[in-house]
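Q: Got a structure for you, written out below as structure tokens; questions coming shortly.
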Amino acid sequence: MRSRWKRLSLFLLCLSILAFVTFFPGLPWSRNIRHTLKKTIVKAEMKVASWQGHHPRLMSIEGVVNDAGAQVQALDSRSGWATLADRQGRFVLPDVMWYPGAVYELVISNDDSAGKLLKVRAPDAYPESGVFNAGELNVNQGSEVQLGALSGVNSITREDFDSAKRDYYKDLFDKLTAEKQSEEDKIGAIYEYVAGTLNYDETQPELGSPRRVLERGSEYCGHLSAAMETLVAIGNYRTRAVNGIDGKHPPGTHVIVEVFYDGGWHLYDPTFGVKFRNKDGQVASYKDVRLDTSMITEDLFAKFDPEFRRNLVNMLPAIYQTGYHHFYYFKNN
């Protein structure tokens, strides 16, 4: 009997040590294991819901946060979209997966480093409109989190830099910025160069290399933005591409570039050759334009024909007004 208890005690001790080593928060692999376990549980819950006749489907979450312009995203979002709240703190977060009992971990943040995490429970019944109103969310009641330490952040894609052609990009960066003094002038010179490569005869759908775009041009906003990102990154600036949509079906979509300098983000559109100025006369950020789309005026697109200008003035505000976005960063940038 004593030997059996010793074996049982030893087994329980080993099991406890294994659980500690696996799930203790401070250990490097525990975060990934916990995240994998969480996703496995969610999949099981969705299967049970389907068996019970509650078929999981996409739903949007709307609500209000006490933080105008805050970014709202759901961990492990199926869509990969985040959104920015408007001036009144109102937001709509598109395409999260609904099933009875689902819990959404919403991260509200004002930068790309830290934020607050709040949990919201799905309604038992799928809303007829496809939009669930979560009401007012008090950001101050959320748990402090570091975005870089979170698993399940799907609103960001990390991409490889075209290191094989690094010398080409560095030489071009140095040439374009050689006589520029301010950060804005340097980035402006790069933006104008890339905007000059818009080429509606260059229709290759695959990006290939940003160098190809810089030398031959492209008609695609994603390609032109990748080219500008590459030149900016080689100059050791933090940069990201912002893919936005208007929320319609089929969606209107557009990709622009943000660059961090002088203490903030600044937005450039290398496809249509525009940048927006905020009330202080500075190059506006994506957040600035989302909160004030009156910056988008027809005169900024004077190089295009009248009908195309009108189309842009209709399309672009609709994209910025949703706040729907997905960020693309270079790895280690």
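Residues in the structure tokens are numbered from 1 in each chain, the chains being A, B, ... in the order shown, and ligands are numbered from 1 in the order shown.
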Residues of region 236-277 of chain A within 12 Å of region 190-198 of chain A: nearest atom pair and distance (Å, one decimal) for each, counting only C-alpha atoms, sorted by chain and number, as a tab-separated table?

A:
residue	atom	partner	partner_atom	distance
A:Ile256	CA	A:Tyr191	CA	10.8
A:Val257	CA	A:Tyr191	CA	9.3
A:Glu258	CA	A:Tyr191	CA	10.7
A:Val259	CA	A:Tyr191	CA	10.5
A:His266	CA	A:Tyr191	CA	11.6
A:Leu267	CA	A:Tyr191	CA	10.2
A:Tyr268	CA	A:Tyr191	CA	6.9
A:Asp269	CA	A:Ala195	CA	7.8
A:Pro270	CA	A:Ala195	CA	4.4
A:Thr271	CA	A:Ala195	CA	5.7
A:Phe272	CA	A:Ala195	CA	6.9
A:Gly273	CA	A:Ala195	CA	5.1
A:Val274	CA	A:Ala195	CA	8.6
A:Lys275	CA	A:Tyr191	CA	9.3

Q: Which residues, written as a list in words, have at least one atom at most 9 Å from Asn110 (chain A), with only C-alpha atoms counted and residues fewer than 5 positions away on the same chain left out?

A: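 In the requested format, the answer is Asp67, Gly69, Ala70, Gln71 and Gly115 of chain A.
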
Q: Can I get the selection written as a PDB file, in the first residue's frame, with N, CA, C and O atoms?

A:
ATOM      1  N   ASP A  67     -12.400  56.874 -25.791  1.00  0.00           N
ATOM      2  CA  ASP A  67     -11.083  57.221 -26.324  1.00  0.00           C
ATOM      3  C   ASP A  67     -11.217  57.428 -27.829  1.00  0.00           C
ATOM      4  O   ASP A  67     -11.140  56.469 -28.604  1.00  0.00           O
ATOM      5  N   GLY A  69     -10.620  57.891 -31.605  1.00  0.00           N
ATOM      6  CA  GLY A  69      -9.521  57.500 -32.485  1.00  0.00           C
ATOM      7  C   GLY A  69      -8.759  56.278 -32.033  1.00  0.00           C
ATOM      8  O   GLY A  69      -7.756  55.913 -32.662  1.00  0.00           O
ATOM      9  N   ALA A  70      -9.203  55.610 -30.964  1.00  0.00           N
ATOM     10  CA  ALA A  70      -8.494  54.425 -30.478  1.00  0.00           C
ATOM     11  C   ALA A  70      -8.616  53.280 -31.471  1.00  0.00           C
ATOM     12  O   ALA A  70      -9.622  53.135 -32.160  1.00  0.00           O
ATOM     13  N   GLN A  71      -7.583  52.474 -31.531  1.00  0.00           N
ATOM     14  CA  GLN A  71      -7.629  51.271 -32.361  1.00  0.00           C
ATOM     15  C   GLN A  71      -8.305  50.154 -31.574  1.00  0.00           C
ATOM     16  O   GLN A  71      -8.020  49.954 -30.394  1.00  0.00           O
ATOM     17  N   GLY A 115      -1.579  48.589 -24.810  1.00  0.00           N
ATOM     18  CA  GLY A 115      -3.014  48.810 -24.889  1.00  0.00           C
ATOM     19  C   GLY A 115      -3.724  48.205 -23.695  1.00  0.00           C
ATOM     20  O   GLY A 115      -3.104  47.745 -22.742  1.00  0.00           O
TER      21      GLY A 115
END

Q: Please measure the separation of CA of Asp185 (chain A) and CA of Val232 (chain A), giving the value in Å to one decimal.

A: 12.4 Å

Q: Enter the distance from CA of Arg166 (chain A) to CA of Glu183 (chain A), in Å, rounded to one decimal.

A: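 Computing the Euclidean distance for CA of Arg166 (chain A) and CA of Glu183 (chain A) yields 21.2 Å.
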
Q: Using only C-alpha atoms, which protein or nucleic acid residues come within 12 Å of Gly264 (chain A)? Drop anything in the same chain fewer than 5 positions from it, and give the result as a VMD selection string.

A: chain A and resid 110 to 112 183 to 184 237 to 239 258 to 259 282 to 288

Q: Using the chain letters and numbers from this document, which residues of region 46-98 of chain A does DSSP assign to strand (DSSP E), as JSON, numbers by chain?

A: {"A": [57, 58, 59, 60, 61, 62, 63, 64, 65, 71, 72, 73, 74, 83, 84, 90, 91, 92, 93, 94, 95, 96, 97, 98]}

Q: Could you take the residues named above and write them with N, CA, C and O atoms, as a short mmCIF file (atom, residue, chain, number, x, y, z; two decimals), in the first residue's frame?

A:
data_model
loop_
_atom_site.label_atom_id
_atom_site.label_comp_id
_atom_site.auth_asym_id
_atom_site.auth_seq_id
_atom_site.Cartn_x
_atom_site.Cartn_y
_atom_site.Cartn_z
N ARG A 57 -20.99 31.81 -37.50
CA ARG A 57 -20.91 32.67 -38.69
C ARG A 57 -20.36 34.04 -38.29
O ARG A 57 -20.31 34.38 -37.11
N LEU A 58 -19.99 34.78 -39.33
CA LEU A 58 -19.34 36.07 -39.08
C LEU A 58 -20.34 37.12 -38.61
O LEU A 58 -21.49 37.15 -39.06
N MET A 59 -19.87 37.95 -37.71
CA MET A 59 -20.66 39.02 -37.12
C MET A 59 -19.75 40.21 -36.87
O MET A 59 -18.54 40.05 -36.70
N SER A 60 -20.31 41.41 -36.88
CA SER A 60 -19.54 42.61 -36.52
C SER A 60 -19.91 43.04 -35.12
O SER A 60 -21.02 42.80 -34.64
N ILE A 61 -18.96 43.67 -34.44
CA ILE A 61 -19.20 44.21 -33.11
C ILE A 61 -19.15 45.73 -33.19
O ILE A 61 -18.16 46.29 -33.69
N GLU A 62 -20.19 46.39 -32.72
CA GLU A 62 -20.16 47.84 -32.61
C GLU A 62 -20.21 48.23 -31.14
O GLU A 62 -20.68 47.46 -30.30
N GLY A 63 -19.69 49.41 -30.86
CA GLY A 63 -19.69 49.88 -29.49
C GLY A 63 -19.11 51.26 -29.40
O GLY A 63 -18.87 51.94 -30.42
N VAL A 64 -18.86 51.68 -28.17
CA VAL A 64 -18.29 53.00 -27.91
C VAL A 64 -17.19 52.85 -26.87
O VAL A 64 -17.37 52.16 -25.87
N VAL A 65 -16.05 53.46 -27.13
CA VAL A 65 -14.97 53.51 -26.16
C VAL A 65 -14.74 54.96 -25.75
O VAL A 65 -15.00 55.87 -26.53
N GLN A 71 -7.58 52.47 -31.53
CA GLN A 71 -7.63 51.27 -32.36
C GLN A 71 -8.31 50.15 -31.57
O GLN A 71 -8.02 49.95 -30.39
N VAL A 72 -9.20 49.43 -32.24
CA VAL A 72 -9.89 48.29 -31.62
C VAL A 72 -9.66 47.07 -32.50
O VAL A 72 -9.87 47.12 -33.71
N GLN A 73 -9.21 46.01 -31.88
CA GLN A 73 -9.02 44.76 -32.62
C GLN A 73 -9.38 43.59 -31.73
O GLN A 73 -9.38 43.70 -30.50
N ALA A 74 -9.73 42.46 -32.33
CA ALA A 74 -10.05 41.24 -31.59
C ALA A 74 -8.93 40.24 -31.80
O ALA A 74 -8.52 39.97 -32.93
N THR A 83 -9.93 48.26 -36.40
CA THR A 83 -10.65 49.49 -36.75
C THR A 83 -10.22 50.62 -35.84
O THR A 83 -9.64 50.38 -34.78
N LEU A 84 -10.47 51.84 -36.28
CA LEU A 84 -10.24 53.03 -35.44
C LEU A 84 -11.59 53.64 -35.09
O LEU A 84 -12.44 53.82 -35.96
N ARG A 90 -17.07 55.94 -31.26
CA ARG A 90 -17.87 54.86 -31.84
C ARG A 90 -17.01 54.02 -32.80
O ARG A 90 -16.19 54.56 -33.53
N PHE A 91 -17.25 52.73 -32.78
CA PHE A 91 -16.49 51.85 -33.67
C PHE A 91 -17.37 50.69 -34.12
O PHE A 91 -18.36 50.34 -33.48
N VAL A 92 -16.99 50.12 -35.26
CA VAL A 92 -17.54 48.86 -35.73
C VAL A 92 -16.36 47.97 -36.11
O VAL A 92 -15.54 48.35 -36.94
N LEU A 93 -16.28 46.82 -35.47
CA LEU A 93 -15.21 45.87 -35.76
C LEU A 93 -15.80 44.74 -36.60
O LEU A 93 -16.66 43.99 -36.13
N PRO A 94 -15.36 44.61 -37.85
CA PRO A 94 -16.02 43.65 -38.76
C PRO A 94 -15.53 42.22 -38.60
O PRO A 94 -14.39 41.96 -38.21
N ASP A 95 -16.45 41.30 -38.87
CA ASP A 95 -16.12 39.90 -39.16
C ASP A 95 -15.38 39.17 -38.05
O ASP A 95 -14.25 38.69 -38.24
N VAL A 96 -16.01 39.09 -36.87
CA VAL A 96 -15.57 38.15 -35.84
C VAL A 96 -16.52 36.95 -35.91
O VAL A 96 -17.62 37.04 -36.42
N MET A 97 -16.09 35.81 -35.39
CA MET A 97 -16.90 34.60 -35.49
C MET A 97 -17.87 34.50 -34.32
O MET A 97 -17.46 34.49 -33.15
N TRP A 98 -19.16 34.42 -34.66
CA TRP A 98 -20.19 34.28 -33.63
C TRP A 98 -20.57 32.83 -33.41
O TRP A 98 -20.65 32.04 -34.36
#
